[in-house]
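Heads up: the structure comes next, in structure tokens.
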Amino acid sequence: MAHTDKQSDWETMWDEATNDARTETPRKRRGKNGRRALLPSTKMLVIATGFWIAAVLLIVLGFVAGNTGTNSSILAFFLVCLVVSSIAGAFASFLALFGLFKYRRRKILNLLLLIISVATNPLILIMLATSAIA
């Protein structure tokens with residue numbers, strides 16, 4: 001665009017930069033080594049799924065692998081697994097809830113992960129088990 005008397009030099013440069021940006025072809029997102037980079041919504045979903053898998057594995061580990069040793073060591077191992085699993089489940093729930101409202105692209109997957117992570121949270125399971133007994 002040609003420079004007119006009414007435009008300053010800055011406005012002329014701005015118009016040229018805007019026109020250049022419109023004429024460029026969109027490029028695919030590339031990460032390191034020329035591979036496609038993951039979108040932020042995908043990254044958050046993968047991290048939340050990892051936290052949920054860790055929570056489930058810690059529940060199973062607390063029940064199955066902690067059955068050898070003295071009574072106090074079994075109880076300590078089970079409680080440590082339970083606490084860490086609860087924290088991992090809470091992180092998975094929080095990230096799924098955040099992703100549900102922040103990113104539209106993975107809305108269904110985030111909703112499913114939120115429901116599953118809340119349903120398998122050890123604190124919820126213990127609360128349901130104790131209320132059913134009483």
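By order in the structure tokens, chains are A, B, ...; within a chain, residues start at 1; ligands start at 1, following the order shown.
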
At a cut-off of 12 Å, using only C-alpha atoms, what residues contact segment 104-119 of chain A? Leave out same-chain residues fewer than 6 positions from it and give the result as a PDB file with N, CA and C atoms, in the first residue's frame.
ATOM      1  N   LEU A  39      -1.488 -30.062  20.182  1.00  0.00           N
ATOM      2  CA  LEU A  39      -2.249 -28.894  20.614  1.00  0.00           C
ATOM      3  C   LEU A  39      -2.306 -28.854  22.134  1.00  0.00           C
ATOM      4  N   PRO A  40      -2.487 -27.688  22.725  1.00  0.00           N
ATOM      5  CA  PRO A  40      -2.570 -27.604  24.191  1.00  0.00           C
ATOM      6  C   PRO A  40      -3.702 -28.437  24.778  1.00  0.00           C
ATOM      7  N   SER A  41      -4.820 -28.531  24.073  1.00  0.00           N
ATOM      8  CA  SER A  41      -5.930 -29.341  24.582  1.00  0.00           C
ATOM      9  C   SER A  41      -5.547 -30.819  24.629  1.00  0.00           C
ATOM     10  N   THR A  42      -4.799 -31.269  23.646  1.00  0.00           N
ATOM     11  CA  THR A  42      -4.354 -32.660  23.617  1.00  0.00           C
ATOM     12  C   THR A  42      -3.328 -32.918  24.707  1.00  0.00           C
ATOM     13  N   LYS A  43      -2.423 -31.974  24.900  1.00  0.00           N
ATOM     14  CA  LYS A  43      -1.421 -32.126  25.960  1.00  0.00           C
ATOM     15  C   LYS A  43      -2.081 -32.240  27.327  1.00  0.00           C
ATOM     16  N   MET A  44      -3.057 -31.366  27.584  1.00  0.00           N
ATOM     17  CA  MET A  44      -3.730 -31.396  28.885  1.00  0.00           C
ATOM     18  C   MET A  44      -4.497 -32.699  29.073  1.00  0.00           C
ATOM     19  N   LEU A  45      -5.132 -33.182  28.020  1.00  0.00           N
ATOM     20  CA  LEU A  45      -5.875 -34.435  28.112  1.00  0.00           C
ATOM     21  C   LEU A  45      -4.937 -35.610  28.370  1.00  0.00           C
ATOM     22  N   VAL A  46      -3.784 -35.614  27.732  1.00  0.00           N
ATOM     23  CA  VAL A  46      -2.808 -36.688  27.949  1.00  0.00           C
ATOM     24  C   VAL A  46      -2.277 -36.659  29.374  1.00  0.00           C
ATOM     25  N   ILE A  47      -1.992 -35.480  29.894  1.00  0.00           N
ATOM     26  CA  ILE A  47      -1.490 -35.360  31.268  1.00  0.00           C
ATOM     27  C   ILE A  47      -2.563 -35.790  32.272  1.00  0.00           C
ATOM     28  N   ALA A  48      -3.808 -35.364  32.044  1.00  0.00           N
ATOM     29  CA  ALA A  48      -4.895 -35.759  32.945  1.00  0.00           C
ATOM     30  C   ALA A  48      -5.128 -37.264  32.901  1.00  0.00           C
ATOM     31  N   THR A  49      -5.041 -37.852  31.725  1.00  0.00           N
ATOM     32  CA  THR A  49      -5.192 -39.306  31.604  1.00  0.00           C
ATOM     33  C   THR A  49      -4.052 -40.024  32.305  1.00  0.00           C
ATOM     34  N   GLY A  50      -2.857 -39.472  32.222  1.00  0.00           N
ATOM     35  CA  GLY A  50      -1.718 -40.058  32.935  1.00  0.00           C
ATOM     36  C   GLY A  50      -1.908 -40.025  34.439  1.00  0.00           C
ATOM     37  N   PHE A  51      -2.430 -38.919  34.948  1.00  0.00           N
ATOM     38  CA  PHE A  51      -2.719 -38.837  36.386  1.00  0.00           C
ATOM     39  C   PHE A  51      -3.784 -39.857  36.789  1.00  0.00           C
ATOM     40  N   TRP A  52      -4.808 -40.031  35.953  1.00  0.00           N
ATOM     41  CA  TRP A  52      -5.854 -40.991  36.276  1.00  0.00           C
ATOM     42  C   TRP A  52      -5.314 -42.423  36.266  1.00  0.00           C
ATOM     43  N   ILE A  53      -4.492 -42.746  35.278  1.00  0.00           N
ATOM     44  CA  ILE A  53      -3.894 -44.087  35.218  1.00  0.00           C
ATOM     45  C   ILE A  53      -3.013 -44.323  36.441  1.00  0.00           C
ATOM     46  N   ALA A  54      -2.237 -43.304  36.828  1.00  0.00           N
ATOM     47  CA  ALA A  54      -1.400 -43.436  38.028  1.00  0.00           C
ATOM     48  C   ALA A  54      -2.263 -43.653  39.274  1.00  0.00           C
ATOM     49  N   ALA A  55      -3.380 -42.971  39.363  1.00  0.00           N
ATOM     50  CA  ALA A  55      -4.267 -43.126  40.524  1.00  0.00           C
ATOM     51  C   ALA A  55      -4.826 -44.548  40.596  1.00  0.00           C
ATOM     52  N   VAL A  56      -5.263 -45.074  39.469  1.00  0.00           N
ATOM     53  CA  VAL A  56      -5.818 -46.433  39.453  1.00  0.00           C
ATOM     54  C   VAL A  56      -4.732 -47.457  39.774  1.00  0.00           C
ATOM     55  N   SER A  85      -2.711 -41.773  45.574  1.00  0.00           N
ATOM     56  CA  SER A  85      -3.745 -42.034  44.576  1.00  0.00           C
ATOM     57  C   SER A  85      -4.843 -40.981  44.632  1.00  0.00           C
ATOM     58  N   SER A  86      -5.217 -40.559  45.816  1.00  0.00           N
ATOM     59  CA  SER A  86      -6.238 -39.510  45.953  1.00  0.00           C
ATOM     60  C   SER A  86      -5.758 -38.192  45.363  1.00  0.00           C
ATOM     61  N   ILE A  87      -4.502 -37.870  45.588  1.00  0.00           N
ATOM     62  CA  ILE A  87      -3.942 -36.634  45.032  1.00  0.00           C
ATOM     63  C   ILE A  87      -3.887 -36.706  43.513  1.00  0.00           C
ATOM     64  N   ALA A  88      -3.441 -37.838  42.963  1.00  0.00           N
ATOM     65  CA  ALA A  88      -3.383 -38.002  41.507  1.00  0.00           C
ATOM     66  C   ALA A  88      -4.785 -37.954  40.902  1.00  0.00           C
ATOM     67  N   GLY A  89      -5.753 -38.573  41.574  1.00  0.00           N
ATOM     68  CA  GLY A  89      -7.137 -38.517  41.090  1.00  0.00           C
ATOM     69  C   GLY A  89      -7.703 -37.109  41.124  1.00  0.00           C
ATOM     70  N   ALA A  90      -7.340 -36.349  42.146  1.00  0.00           N
ATOM     71  CA  ALA A  90      -7.806 -34.959  42.231  1.00  0.00           C
ATOM     72  C   ALA A  90      -7.195 -34.114  41.110  1.00  0.00           C
ATOM     73  N   PHE A  91      -5.909 -34.321  40.820  1.00  0.00           N
ATOM     74  CA  PHE A  91      -5.283 -33.609  39.700  1.00  0.00           C
ATOM     75  C   PHE A  91      -5.952 -33.978  38.376  1.00  0.00           C
ATOM     76  N   ALA A  92      -6.242 -35.264  38.187  1.00  0.00           N
ATOM     77  CA  ALA A  92      -6.905 -35.696  36.950  1.00  0.00           C
ATOM     78  C   ALA A  92      -8.283 -35.050  36.829  1.00  0.00           C
ATOM     79  N   SER A  93      -9.022 -35.007  37.926  1.00  0.00           N
ATOM     80  CA  SER A  93     -10.350 -34.383  37.906  1.00  0.00           C
ATOM     81  C   SER A  93     -10.268 -32.891  37.620  1.00  0.00           C
ATOM     82  N   PHE A  94      -9.306 -32.224  38.251  1.00  0.00           N
ATOM     83  CA  PHE A  94      -9.149 -30.786  38.050  1.00  0.00           C
ATOM     84  C   PHE A  94      -8.765 -30.471  36.611  1.00  0.00           C
ATOM     85  N   LEU A  95      -7.804 -31.216  36.065  1.00  0.00           N
ATOM     86  CA  LEU A  95      -7.385 -30.961  34.690  1.00  0.00           C
ATOM     87  C   LEU A  95      -8.502 -31.274  33.698  1.00  0.00           C
ATOM     88  N   ALA A  96      -9.267 -32.330  33.956  1.00  0.00           N
ATOM     89  CA  ALA A  96     -10.392 -32.644  33.074  1.00  0.00           C
ATOM     90  C   ALA A  96     -11.474 -31.567  33.157  1.00  0.00           C
ATOM     91  N   LEU A  97     -11.737 -31.056  34.340  1.00  0.00           N
ATOM     92  CA  LEU A  97     -12.723 -29.992  34.504  1.00  0.00           C
ATOM     93  C   LEU A  97     -12.258 -28.705  33.831  1.00  0.00           C
ATOM     94  N   PHE A  98     -10.992 -28.382  34.003  1.00  0.00           N
ATOM     95  CA  PHE A  98     -10.441 -27.191  33.356  1.00  0.00           C
ATOM     96  C   PHE A  98     -10.490 -27.336  31.840  1.00  0.00           C
ATOM     97  N   LEU A 125     -14.798 -43.652  46.879  1.00  0.00           N
ATOM     98  CA  LEU A 125     -15.115 -45.074  47.057  1.00  0.00           C
ATOM     99  C   LEU A 125     -15.206 -45.445  48.532  1.00  0.00           C
ATOM    100  N   ILE A 126     -14.288 -44.935  49.340  1.00  0.00           N
ATOM    101  CA  ILE A 126     -14.329 -45.221  50.793  1.00  0.00           C
ATOM    102  C   ILE A 126     -15.562 -44.588  51.417  1.00  0.00           C
ATOM    103  N   MET A 127     -15.902 -43.373  50.989  1.00  0.00           N
ATOM    104  CA  MET A 127     -17.080 -42.718  51.530  1.00  0.00           C
ATOM    105  C   MET A 127     -18.340 -43.509  51.188  1.00  0.00           C
ATOM    106  N   LEU A 128     -18.448 -44.013  49.971  1.00  0.00           N
ATOM    107  CA  LEU A 128     -19.615 -44.799  49.583  1.00  0.00           C
ATOM    108  C   LEU A 128     -19.647 -46.138  50.339  1.00  0.00           C
TER     109      LEU A 128
END

If you measure from atom CA of Ile59 of chain A to atom CA of Leu82 of chain A, what distance in Å do you get, rounded to one decimal? 6.3 Å

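Note that the spacing between atom CA of Leu57 of chain A and atom CA of Ile133 of chain A amounts to 25.8 Å.
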
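The spacing separating atom CA of Pro122 of chain A from atom CA of Val80 of chain A amounts to 12.1 Å.
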